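The file structure-v6.txt contains compact mmCIF, C-alpha atoms:
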# COMPACT_ATOMS: atom_id res chain seq x y z
CA MET I 1 146.26 43.03 52.92
CA LYS I 2 147.37 40.27 50.58
CA ASN I 3 150.62 42.11 49.85
CA LYS I 4 151.14 42.85 53.55
CA ILE I 5 150.96 39.17 54.39
CA GLN I 6 153.18 38.17 51.48
CA ASN I 7 155.82 40.68 52.63
CA PHE I 8 155.57 39.26 56.15
CA ILE I 9 156.01 35.70 54.87
CA SER I 10 159.12 36.74 52.97
CA GLU I 11 160.55 38.92 55.74
CA LYS I 12 160.24 36.15 58.35
CA SER I 13 161.21 33.38 55.89
CA LEU I 14 158.11 31.43 56.90
CA PHE I 15 157.88 29.22 53.79
CA ASN I 16 158.36 29.16 50.02
CA LYS I 17 156.10 28.53 47.04
CA GLU I 18 157.47 24.99 46.65
CA ASP I 19 156.65 24.10 50.28
CA LYS I 20 153.44 22.18 50.93
CA LEU I 21 151.41 23.34 53.95
CA ILE I 22 148.78 21.81 56.20
CA LEU I 23 146.33 24.61 57.03
CA GLY I 24 144.44 24.12 60.29
CA ILE I 25 140.95 25.44 59.58
CA SER I 26 138.08 25.80 62.03
CA SER I 27 135.44 27.58 59.89
CA GLY I 28 136.00 30.79 61.87
CA ALA I 29 136.97 34.17 60.42
CA ASP I 30 140.71 33.88 61.01
CA SER I 31 141.39 30.51 59.37
CA VAL I 32 138.92 31.14 56.52
CA CYS I 33 140.72 34.42 55.84
CA LEU I 34 144.09 32.65 55.83
CA MET I 35 142.78 30.06 53.40
CA HIS I 36 141.68 32.73 50.92
CA ILE I 37 144.93 34.67 51.28
CA LEU I 38 147.03 31.55 50.62
CA LEU I 39 144.87 30.72 47.61
CA ALA I 40 145.31 34.24 46.24
CA LEU I 41 149.08 34.03 46.77
CA GLU I 42 149.11 30.62 45.03
CA TYR I 43 150.64 28.56 47.83
CA ARG I 44 150.18 24.78 48.00
CA PHE I 45 148.21 23.48 50.97
CA ASP I 46 145.71 20.94 52.31
CA LEU I 47 142.93 21.74 54.75
CA ALA I 48 142.83 19.96 58.13
CA HIS I 49 139.77 20.26 60.37
CA CYS I 50 139.37 18.99 63.93
CA ASN I 51 135.92 18.05 65.18
CA PHE I 52 136.31 18.11 68.96
CA ASN I 53 132.66 17.11 69.54
CA LEU I 54 132.23 19.81 72.20
CA ARG I 55 129.36 21.89 70.82
CA ALA I 56 126.80 19.29 69.70
CA ASN I 57 125.28 20.19 66.30
CA GLU I 58 127.45 23.28 66.00
CA SER I 59 130.60 21.14 65.72
CA ASP I 60 129.05 19.06 62.94
CA GLU I 61 127.87 22.19 61.11
CA ASP I 62 131.41 23.58 61.23
CA GLU I 63 132.64 20.37 59.63
CA ILE I 64 130.03 20.56 56.87
CA PHE I 65 130.97 24.19 56.18
CA VAL I 66 134.68 23.39 55.82
CA ARG I 67 133.98 20.34 53.66
CA LYS I 68 132.09 22.59 51.25
CA LEU I 69 134.96 25.09 51.22
CA ALA I 70 137.45 22.36 50.36
CA LYS I 71 135.24 21.02 47.57
CA GLU I 72 134.55 24.47 46.16
CA HIS I 73 138.26 25.36 45.97
CA HIS I 74 139.45 21.87 44.98
CA LEU I 75 141.54 21.43 48.11
CA GLN I 76 142.55 18.15 49.75
CA PHE I 77 140.54 17.86 52.97
CA HIS I 78 141.49 15.99 56.15
CA ILE I 79 139.08 15.51 59.05
CA LYS I 80 139.59 14.00 62.52
CA HIS I 81 137.01 13.41 65.25
CA PHE I 82 138.13 13.54 68.88
CA ASP I 83 136.60 12.54 72.22
CA THR I 84 138.07 15.67 73.79
CA GLN I 85 136.26 15.50 77.11
CA ARG I 86 137.42 11.95 77.71
CA TYR I 87 141.01 12.84 76.85
CA ALA I 88 140.90 15.83 79.20
CA SER I 89 139.48 13.71 82.01
CA GLU I 90 141.98 10.88 81.58
CA ASN I 91 144.92 13.29 81.50
CA LYS I 92 143.53 15.64 84.18
CA ILE I 93 143.89 18.74 82.01
CA SER I 94 141.53 21.47 80.84
CA ILE I 95 139.35 21.10 77.77
CA GLN I 96 141.34 23.84 76.02
CA MET I 97 144.65 22.10 76.73
CA ALA I 98 143.23 18.76 75.64
CA ALA I 99 142.03 20.23 72.34
CA ARG I 100 145.42 21.83 71.77
CA ASP I 101 147.31 18.59 72.44
CA LEU I 102 145.04 16.54 70.19
CA ARG I 103 145.08 19.11 67.40
CA TYR I 104 148.84 19.53 67.18
CA ALA I 105 149.57 15.82 67.54
CA TRP I 106 147.32 15.10 64.55
CA PHE I 107 148.69 18.01 62.52
CA HIS I 108 152.22 16.70 62.99
CA ASP I 109 151.09 13.24 61.87
CA LEU I 110 149.69 14.84 58.72
CA LEU I 111 153.02 16.50 58.01
CA VAL I 112 154.54 13.04 57.67
CA SER I 113 151.68 11.23 55.91
CA GLU I 114 151.06 14.04 53.39
CA ASN I 115 154.73 14.89 52.84
CA ALA I 116 154.10 18.49 53.90
CA LYS I 117 156.67 20.85 55.40
CA TYR I 118 154.74 23.28 57.62
CA ILE I 119 151.56 23.59 59.65
CA ALA I 120 149.88 26.96 58.99
CA ILE I 121 147.91 28.38 61.93
CA ALA I 122 145.71 31.49 61.78
CA HIS I 123 147.00 33.32 64.85
CA HIS I 124 147.06 37.09 64.35
CA ALA I 125 148.27 40.23 66.12
CA ASN I 126 145.33 40.35 68.55
CA ASP I 127 146.04 36.77 69.63
CA ASP I 128 149.59 37.89 70.36
CA THR I 129 148.39 40.71 72.61
CA GLU I 130 145.87 38.50 74.39
CA THR I 131 148.53 35.85 75.00
CA PHE I 132 150.79 38.54 76.47
CA PHE I 133 148.14 39.37 79.09
CA ILE I 134 147.23 35.72 79.73
CA ASN I 135 150.87 34.96 80.55
CA LEU I 136 151.15 38.15 82.60
CA VAL I 137 148.10 37.17 84.68
CA ARG I 138 149.23 33.57 85.16
CA GLY I 139 152.90 34.37 85.68
CA SER I 140 155.28 32.87 83.16
CA GLY I 141 158.56 34.74 83.44
CA LEU I 142 160.19 36.65 80.63
CA LYS I 143 159.53 34.01 77.98
CA GLY I 144 155.79 34.29 78.43
CA LEU I 145 155.88 38.02 77.70
CA LEU I 146 157.63 37.63 74.35
CA GLY I 147 154.44 36.83 72.52
CA ILE I 148 153.65 34.28 69.82
CA LYS I 149 156.43 33.58 67.36
CA ALA I 150 155.69 33.83 63.63
CA LYS I 151 157.57 30.57 63.16
CA THR I 152 158.17 27.80 65.69
CA ASP I 153 159.81 24.71 64.24
CA SER I 154 157.25 23.36 61.75
CA ILE I 155 154.46 25.77 62.74
CA VAL I 156 154.02 29.02 60.80
CA ARG I 157 151.66 31.92 61.50
CA PRO I 158 151.32 34.15 58.40
CA LEU I 159 148.60 36.38 59.90
CA MET I 160 150.73 37.71 62.75
CA ALA I 161 151.26 40.88 60.72
CA VAL I 162 147.57 41.79 60.72
CA SER I 163 144.89 42.53 63.32
CA ARG I 164 141.47 41.00 63.79
CA ALA I 165 139.92 44.21 62.49
CA GLU I 166 141.91 43.89 59.25
CA ILE I 167 140.81 40.27 58.89
CA GLU I 168 137.16 41.17 59.36
CA GLN I 169 137.46 44.04 56.90
CA PHE I 170 139.05 41.73 54.30
CA LEU I 171 136.22 39.19 54.66
CA LYS I 172 133.59 41.91 54.44
CA GLU I 173 135.09 43.58 51.36
CA ASN I 174 135.38 40.25 49.56
CA ASP I 175 131.98 38.97 50.71
CA ILE I 176 133.51 35.84 52.23
CA ALA I 177 131.35 33.74 54.53
CA PHE I 178 132.55 32.19 57.78
CA ARG I 179 131.02 30.80 60.97
CA GLU I 180 131.17 32.27 64.45
CA ASP I 181 132.19 29.95 67.27
CA SER I 182 129.70 30.48 70.11
CA SER I 183 132.38 29.67 72.68
CA ASN I 184 134.29 32.80 71.63
CA VAL I 185 131.85 34.98 73.55
CA SER I 186 131.81 32.94 76.76
CA LEU I 187 133.46 34.85 79.60
CA LYS I 188 134.31 31.66 81.49
CA TYR I 189 137.53 31.55 79.44
CA LEU I 190 140.37 33.87 80.42
CA ARG I 191 141.20 34.74 76.82
CA ASN I 192 137.63 35.88 76.21
CA LYS I 193 137.65 38.01 79.36
CA ILE I 194 140.78 39.73 78.12
CA ARG I 195 139.35 40.10 74.60
CA HIS I 196 135.90 41.40 75.54
CA GLU I 197 136.54 43.23 78.82
CA LEU I 198 140.19 44.17 79.30
CA MET I 199 141.12 45.17 75.75
CA PRO I 200 138.17 47.58 75.25
CA LEU I 201 139.11 49.26 78.54
CA LEU I 202 142.76 49.58 77.53
CA THR I 203 141.77 50.83 74.08
CA GLU I 204 139.70 53.53 75.74
CA MET I 205 142.80 54.69 77.63
CA ASN I 206 145.13 54.24 74.65
CA PRO I 207 143.56 53.82 71.18
CA SER I 208 146.93 52.50 69.93
CA ILE I 209 147.32 49.92 72.68
CA GLN I 210 147.73 47.08 70.17
CA GLN I 211 150.73 48.78 68.54
CA THR I 212 152.11 49.93 71.88
CA ILE I 213 152.22 46.39 73.24
CA SER I 214 153.71 45.11 69.98
CA ASP I 215 156.49 47.69 70.23
CA GLU I 216 157.14 46.81 73.87
CA VAL I 217 157.36 43.11 73.02
CA LYS I 218 160.02 43.88 70.39
CA ILE I 219 162.05 45.68 73.05
CA LEU I 220 161.60 42.70 75.39
CA GLU I 221 162.82 40.34 72.67
CA GLY I 222 166.10 42.24 72.53
CA VAL I 223 166.38 42.22 76.30
CA ALA I 224 165.63 38.50 76.33
CA GLN I 225 168.39 37.77 73.85
CA VAL I 226 170.96 39.40 76.12
CA TYR I 227 169.40 37.90 79.23
CA TYR I 228 169.32 34.28 78.02
CA THR I 229 172.84 34.47 76.62
CA LYS I 230 174.10 35.49 80.06
CA MET I 231 171.86 32.91 81.77
CA GLY I 232 173.31 30.15 79.60
CA GLU I 233 176.81 31.10 80.75
CA ILE I 234 175.74 31.12 84.41
CA ARG I 235 173.99 27.76 84.03
CA LYS I 236 177.19 26.13 82.78
CA GLU I 237 179.13 27.60 85.71
CA VAL I 238 176.63 26.76 88.45
CA ILE I 239 175.00 23.43 87.56
CA GLN I 240 176.79 20.10 87.90
CA ASN I 241 175.32 16.70 87.08
CA LYS I 242 176.77 13.85 89.12
CA ASN I 243 175.27 10.39 88.74
CA GLY I 244 171.98 11.89 87.64
CA ILE I 245 171.79 14.31 90.58
CA ILE I 246 171.83 18.03 89.82
CA GLN I 247 174.05 20.01 92.20
CA LEU I 248 174.20 23.78 92.72
CA LYS I 249 176.73 25.19 95.20
CA ILE I 250 174.93 27.48 97.64
CA THR I 251 177.80 29.95 98.20
CA THR I 252 178.00 30.49 94.44
CA LEU I 253 174.24 31.03 94.20
CA LEU I 254 174.30 33.61 96.99
CA GLU I 255 176.75 35.69 94.97
CA LEU I 256 174.21 36.05 92.14
CA ASN I 257 172.15 39.24 92.07
CA PRO I 258 169.20 39.40 91.73
CA LEU I 259 169.10 35.94 93.26
CA ASN I 260 165.40 35.21 92.65
CA ASN I 261 165.72 35.86 88.92
CA TYR I 262 168.66 33.49 88.61
CA LEU I 263 166.95 30.84 90.71
CA TYR I 264 163.82 31.03 88.56
CA GLU I 265 165.77 30.38 85.38
CA LEU I 266 167.92 27.68 86.96
CA LEU I 267 165.12 25.81 88.73
CA SER I 268 162.00 26.28 86.58
CA PRO I 269 163.13 23.65 84.02
CA TYR I 270 162.68 21.12 86.83
CA GLY I 271 159.16 22.38 87.57
CA PHE I 272 159.88 24.50 90.66
CA SER I 273 157.88 27.70 91.07
CA THR I 274 158.18 28.51 94.81
CA ILE I 275 161.35 30.46 94.12
CA GLU I 276 161.05 32.94 96.97
CA SER I 277 160.71 30.16 99.55
CA ILE I 278 163.68 28.30 98.10
CA ALA I 279 165.77 31.49 98.13
CA LYS I 280 164.94 32.10 101.82
CA SER I 281 165.90 28.53 102.72
CA LEU I 282 169.47 28.97 101.44
CA ASN I 283 170.41 30.76 104.65
CA GLY I 284 168.29 28.52 106.86
CA GLN I 285 168.53 25.11 108.44
CA SER I 286 169.94 22.30 106.32
CA GLY I 287 167.49 19.69 105.05
CA LYS I 288 164.65 21.84 103.71
CA GLN I 289 162.85 19.96 100.91
CA PHE I 290 160.74 21.15 97.99
CA PHE I 291 158.82 19.14 95.41
CA SER I 292 157.65 19.77 91.88
CA SER I 293 155.50 17.32 89.93
CA THR I 294 158.64 15.64 88.60
CA HIS I 295 161.55 16.48 90.90
CA GLN I 296 162.68 16.74 94.50
CA LEU I 297 164.90 19.59 95.67
CA VAL I 298 166.90 19.43 98.90
CA VAL I 299 168.78 22.36 100.42
CA ASP I 300 171.71 20.68 102.16
CA ARG I 301 174.72 22.15 103.96
CA GLU I 302 176.71 23.27 100.93
CA TYR I 303 174.59 22.35 97.95
CA ILE I 304 171.13 22.33 96.48
CA PHE I 305 170.46 18.82 95.21
CA ILE I 306 167.80 18.09 92.59
CA SER I 307 166.76 14.57 91.64
CA THR I 308 163.95 12.91 89.74
CA LEU I 309 161.11 11.75 91.98
CA GLU I 310 161.16 8.00 92.45
CA THR I 311 158.87 5.56 94.22
CA LYS I 312 160.46 4.79 97.58
CA ASP I 313 158.75 1.40 97.81
CA ALA I 314 159.90 0.18 94.39
CA VAL I 315 161.45 -3.32 94.48
CA PHE I 316 163.46 -4.96 91.70
CA LYS I 317 164.21 -8.69 91.57
CA ILE I 318 167.48 -10.10 90.23
CA LEU I 319 167.36 -13.75 89.17
CA GLU I 320 170.40 -16.04 89.34
CA GLU I 321 170.65 -16.09 85.54
CA ASP I 322 170.37 -12.29 85.15
CA LEU I 323 173.52 -10.68 83.76
CA LYS I 324 172.45 -7.04 83.81
CA LEU I 325 170.00 -4.66 85.43
CA GLU I 326 169.37 -1.43 83.50
CA THR I 327 166.76 0.26 85.62
CA PRO I 328 166.56 1.96 88.10
CA ILE I 329 170.38 1.81 88.06
CA ALA I 330 172.77 -0.05 85.79
CA ILE I 331 174.49 -3.08 87.36
CA ASN I 332 176.29 -5.98 85.69
CA PHE I 333 176.29 -9.44 87.32
CA ARG I 334 178.62 -12.39 86.81
CA THR I 335 180.03 -15.43 88.62
CA VAL I 336 183.75 -16.30 88.67
CA LEU I 337 186.09 -18.75 90.38
CA ASP I 338 189.02 -16.31 90.64
CA LYS I 339 189.24 -15.01 94.22
CA ASN I 340 191.46 -12.00 93.52
CA ILE I 341 190.14 -9.13 95.60
CA ILE I 342 189.25 -5.95 93.74
CA MET I 343 189.49 -2.76 95.82
CA ASP I 344 186.64 -0.79 94.28
CA SER I 345 183.48 0.30 96.11
CA LYS I 346 181.53 0.05 92.85
CA ILE I 347 182.25 -3.67 92.65
CA ALA I 348 180.75 -6.07 95.19
CA GLN I 349 182.51 -9.47 95.46
CA LEU I 350 180.24 -11.86 97.33
CA ASP I 351 180.24 -15.51 98.34
CA PHE I 352 177.85 -17.06 95.81
CA HIS I 353 176.78 -19.98 98.02
CA LYS I 354 175.58 -17.67 100.80
CA LEU I 355 173.11 -15.88 98.53
CA LYS I 356 169.40 -16.57 98.22
CA PHE I 357 167.87 -15.80 94.81
CA PRO I 358 166.14 -13.81 93.62
CA LEU I 359 168.16 -10.95 95.07
CA ILE I 360 166.24 -7.77 95.82
CA LEU I 361 167.19 -4.20 94.97
CA ARG I 362 165.32 -1.61 97.04
CA LYS I 363 165.65 1.74 98.76
CA TRP I 364 166.64 1.92 102.43
CA LYS I 365 164.06 2.29 105.20
CA ASP I 366 164.10 3.05 108.91
CA GLY I 367 165.49 0.18 110.96
CA ASP I 368 167.67 -1.25 108.19
CA LYS I 369 171.02 -2.54 109.44
CA PHE I 370 173.99 -4.53 108.20
CA ILE I 371 177.52 -5.50 109.25
CA PRO I 372 179.87 -3.26 107.24
CA LEU I 373 182.87 -5.02 105.75
CA GLY I 374 185.64 -5.23 108.37
CA MET I 375 183.30 -4.95 111.36
CA GLN I 376 181.83 -7.61 113.67
CA SER I 377 178.61 -5.95 114.80
CA PHE I 378 175.52 -4.54 113.16
CA LYS I 379 175.30 -0.89 112.22
CA LYS I 380 172.14 0.97 111.32
CA ILE I 381 172.06 2.18 107.73
CA SER I 382 171.07 5.62 109.02
CA ASP I 383 174.23 5.72 111.19
CA PHE I 384 176.32 4.56 108.24
CA PHE I 385 174.97 7.51 106.27
CA ILE I 386 175.89 9.94 109.06
CA ASP I 387 179.40 8.54 109.40
CA ASN I 388 179.94 8.91 105.65
CA LYS I 389 178.42 12.40 105.52
CA PHE I 390 175.55 11.53 103.20
CA SER I 391 173.35 14.45 102.20
CA ILE I 392 169.58 14.03 102.47
CA LEU I 393 169.39 13.55 98.73
CA ASP I 394 172.22 10.99 98.82
CA LYS I 395 170.20 9.02 101.36
CA ASN I 396 167.07 9.17 99.24
CA LYS I 397 168.96 8.02 96.14
CA GLN I 398 170.76 5.12 97.87
CA TRP I 399 169.91 1.57 96.80
CA LEU I 400 170.42 -1.62 98.78
CA LEU I 401 171.06 -5.09 97.35
CA CYS I 402 169.50 -7.76 99.57
CA SER I 403 169.51 -11.52 99.90
CA GLY I 404 166.32 -12.53 101.66
CA LYS I 405 166.06 -10.13 104.61
CA ASP I 406 169.82 -9.47 104.72
CA ILE I 407 171.42 -6.39 103.20
CA ILE I 408 174.45 -7.66 101.29
CA TRP I 409 175.57 -4.42 99.62
CA VAL I 410 174.95 -0.74 100.19
CA VAL I 411 175.30 -0.25 96.47
CA GLY I 412 178.44 1.59 95.48
CA GLN I 413 179.50 1.94 99.13
CA ARG I 414 180.13 -1.17 101.26
CA ILE I 415 179.27 -4.89 101.30
CA ASP I 416 178.11 -6.83 104.35
CA ASP I 417 180.99 -8.63 106.12
CA ARG I 418 178.98 -11.86 106.38
CA PHE I 419 178.98 -12.22 102.58
CA ARG I 420 182.62 -11.35 101.91
CA ILE I 421 185.12 -13.68 100.23
CA GLN I 422 186.62 -16.19 102.67
CA PRO I 423 189.17 -19.03 102.33
CA THR I 424 186.25 -21.47 102.08
CA THR I 425 184.61 -19.52 99.23
CA LYS I 426 184.46 -21.62 96.08
CA LYS I 427 182.49 -19.36 93.74
CA LEU I 428 182.20 -15.56 93.60
CA TYR I 429 179.17 -13.53 92.64
CA ILE I 430 180.20 -10.12 91.34
CA ALA I 431 177.90 -7.12 91.04
CA GLU I 432 179.41 -4.10 89.31
CA LEU I 433 177.77 -0.68 89.45
CA LEU I 434 178.20 0.98 86.08
CA ASN I 435 178.94 4.65 85.51
CA ASN I 436 175.56 6.41 85.68
CA GLU I 437 176.77 9.90 84.92
How does this structure look as structure tokens?
Amino acid sequence: MKNKIQNFISEKSLFNKEDKLILGISSGADSVCLMHILLALEYRFDLAHCNFNLRANESDEDEIFVRKLAKEHHLQFHIKHFDTQRYASENKISIQMAARDLRYAWFHDLLVSENAKYIAIAHHANDDTETFFINLVRGSGLKGLLGIKAKTDSIVRPLMAVSRAEIEQFLKENDIAFREDSSNVSLKYLRNKIRHELMPLLTEMNPSIQQTISDEVKILEGVAQVYYTKMGEIRKEVIQNKNGIIQLKITTLLELNPLNNYLYELLSPYGFSTIESIAKSLNGQSGKQFFSSTHQLVVDREYIFISTLETKDAVFKILEEDLKLETPIAINFRTVLDKNIIMDSKIAQLDFHKLKFPLILRKWKDGDKFIPLGMQSFKKISDFFIDNKFSILDKNKQWLLCSGKDIIWVVGQRIDDRFRIQPTTKKLYIAELLNNE
């Protein structure tokens, strides 16, 4: 087994003898096995153990066990205690996800502080198979079916070449002690259900199921390489980014076949998963909206528009002495005495003495109205949008610059006629919308 793992390390170029590793060790069979294999192969590494404080005395006993291992084999030992339940509650995630986040964040800190190059994790072939089924059950697209990589950035997994049975046999033959994690038998976790219920059933139907799935994953990896190369080409052709708004032309999308597959790859990076509903809306009534946790998607007449979710009630104050606003949009401010008119909708030239500071930057709301430059009567902002063929997403992204209760500039579009430069104007206030692309 030692030679098998060494060959795997070399074949996958996981790391070299001169590289220092941080080995994540739990006291369980897998990581204890990896420790002994790395010792036998004479690699350099420290041990890092996470105490997640989830199993009362059992967690502390795991820590004591690993401390003894480190002392016995003269290995540098790092320990970190976590309030995992609190972290999970504060971040509204599962205990398993919380433990994963905390573990890897600390491991990466150790890489820097200990001048190490890689984090060694004891995932093995069975973990790969179980992950395949977890992703299949949850739905994760093609990427989720490609299994666990032997090397991902600074994380290496030397045991991916061996099965759990081989690990257990190695420990038994070498009379190596380890501790069993009681949570590994609990069927409340999906991974354990797959491990203890699904896999025995599949093994009964196909004794070589582990190898069969491994072979299928290798085929999928080849398919994925072709697939994602083509998808990258399509993404460049279809997606446009204008002023921070993602645009996809609907007629172009409808030419793609199979449409749902393309939409999944194009839209999932923005958090959208209701692909079938979005696909059906492309031939429906304009204005259909969809939301992910981070983005808004609007199906308009000719385009799909995707923008980052923003708080509609957000208000930003601009003081008289302010020279620049960087968020939520970039605007420069200055005062001048030169009354030369600049014909540019991105530059608002306003009569300074008619303004009331602080100015307010906000989104539009129902009932808003102003007197567009060149007109004598009020016009509703909503009607201004219609006249200028604003999409729904354009409306939602539009900012207004206000003086008191008066709208003085529909930013990047039109100023209010009441605040324009006149013969009596002595000082100009200039607001310039910067290029946000």
- Message: If we count all atoms listed in the file and set the cut-off at 12 Å, which residues sit around range 16-19 of chain I, ignoring sequence neighbours fewer than 5 positions away in its own chain? Please answer as a list in words.
- Response: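 Everything that qualifies: Gln6, Ile9, Ser10, Glu11, Leu38, Leu39, Leu41, Glu42, Tyr43, Arg44, Phe45, Asp46, Leu111, Glu114, Asn115, Ala116, Lys117, Tyr118, Ile119, Ala120, Ser154 and Val156 of chain I.
Within the 12 Å cut-off around Asn260 in chain I, using all atoms listed in the file and omitting residues fewer than 2 positions from it on the same chain, the listed residues are Gly141, Leu253, Leu254, Glu255, Leu256, Asn257, Pro258, Tyr262, Leu263, Tyr264, Glu265, Leu266, Leu267, Ser268, Ser273, Thr274, Ile275, Glu276, Ser277, Ile278, Ala279, Lys280 and Leu282 of chain I.
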- Non-local contacts of Ser27 in chain I (9 Å; all atoms listed in the file; under 4 positions in same chain excluded) as a list of chain:residue names: I:Ser31, I:Val32, I:His49, I:Asp62, I:Glu63, I:Phe65, I:Val66, I:Phe178, I:Arg179, I:Glu180, I:Asp181
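Here CA of Leu145 in chain I stands at a distance of 5.3 Å from CA of Phe132 in chain I.
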- Message: Just the number, please: distance in Å from CA of Leu297 in chain I to CA of Lys242 in chain I, one decimal.
- Response: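 Straight-line distance from CA of Leu297 in chain I to CA of Lys242 in chain I works out to 14.7 Å.
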- Message: as a ChimeraX atom specification, please: the residues near Phe333 in chain I (cut-off 7 Å, only C-alpha atoms, same-chain neighbours under 4 positions excluded).
- Response: /I:322-324,430-432
Write to file, as a CSV table (one decimal), in the coordinates of the input, the residues of the selection just made, with C-alpha atoms.
chain,number,residue,atom,x,y,z
I,322,ASP,CA,170.4,-12.3,85.2
I,323,LEU,CA,173.5,-10.7,83.8
I,324,LYS,CA,172.4,-7.0,83.8
I,430,ILE,CA,180.2,-10.1,91.3
I,431,ALA,CA,177.9,-7.1,91.0
I,432,GLU,CA,179.4,-4.1,89.3
- Item | Contacts of Asp30 in chain I at 10 Å (all atoms listed in the file; same-chain gap of 6+ positions) as a list of chain:residue names |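 Residues meeting the cut-off are I:Ile121, I:Ala122, I:His123, I:His124, I:Leu159, I:Ser163, I:Arg164, I:Ile167, I:Glu168, I:Leu171, I:Phe178.
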Output the selection as a CSV table (one decimal), in the coordinates of the input - C-alpha atoms for each residue.
chain,number,residue,atom,x,y,z
I,121,ILE,CA,147.9,28.4,61.9
I,122,ALA,CA,145.7,31.5,61.8
I,123,HIS,CA,147.0,33.3,64.8
I,124,HIS,CA,147.1,37.1,64.4
I,159,LEU,CA,148.6,36.4,59.9
I,163,SER,CA,144.9,42.5,63.3
I,164,ARG,CA,141.5,41.0,63.8
I,167,ILE,CA,140.8,40.3,58.9
I,168,GLU,CA,137.2,41.2,59.4
I,171,LEU,CA,136.2,39.2,54.7
I,178,PHE,CA,132.6,32.2,57.8
- By how many Å are CA of Ile360 in chain I and CA of Arg414 in chain I apart?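 Distance reported for this atom pair: 16.3 Å.
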- Task: Tell me which of I:Ser382, I:Gln169, I:Ser214, I:Gln76 sits closest to Asn126 in chain I, counting all atoms listed in the file.
- Result: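 For Asn126 in chain I, the nearest of the given residues is I:Ser214.
Among the candidates I:Asn135, I:Thr129, I:Ser186, I:Asn261, the one nearest to Tyr228 in chain I when counting all atoms listed in the file is I:Asn261.
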- Between I:Leu393, I:Arg103, I:Thr252, I:Asp406, which is the closest to Ile306 in chain I once you count all atoms listed in the file? I:Leu393
- Query: With only C-alpha atoms as the basis for distance, which of I:Leu361, I:Phe15, I:Gln96, I:Thr327 is at the shortest distance from Lys405 in chain I?
  - Reply: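 Going through I:Leu361, I:Phe15, I:Gln96, I:Thr327 one by one, the smallest distance to Lys405 in chain I is for I:Leu361.
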- Item | Radius query 8 Å about (138.5, 16.5, 58.4), atoms used: all atoms listed in the file, as a list in words |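 Applying the cut-off with all atoms listed in the file, one gets Leu47, Ala48, His49, Cys50, Asn51, Glu63, Arg67, Phe77, His78, Ile79, Lys80 and His81 of chain I.
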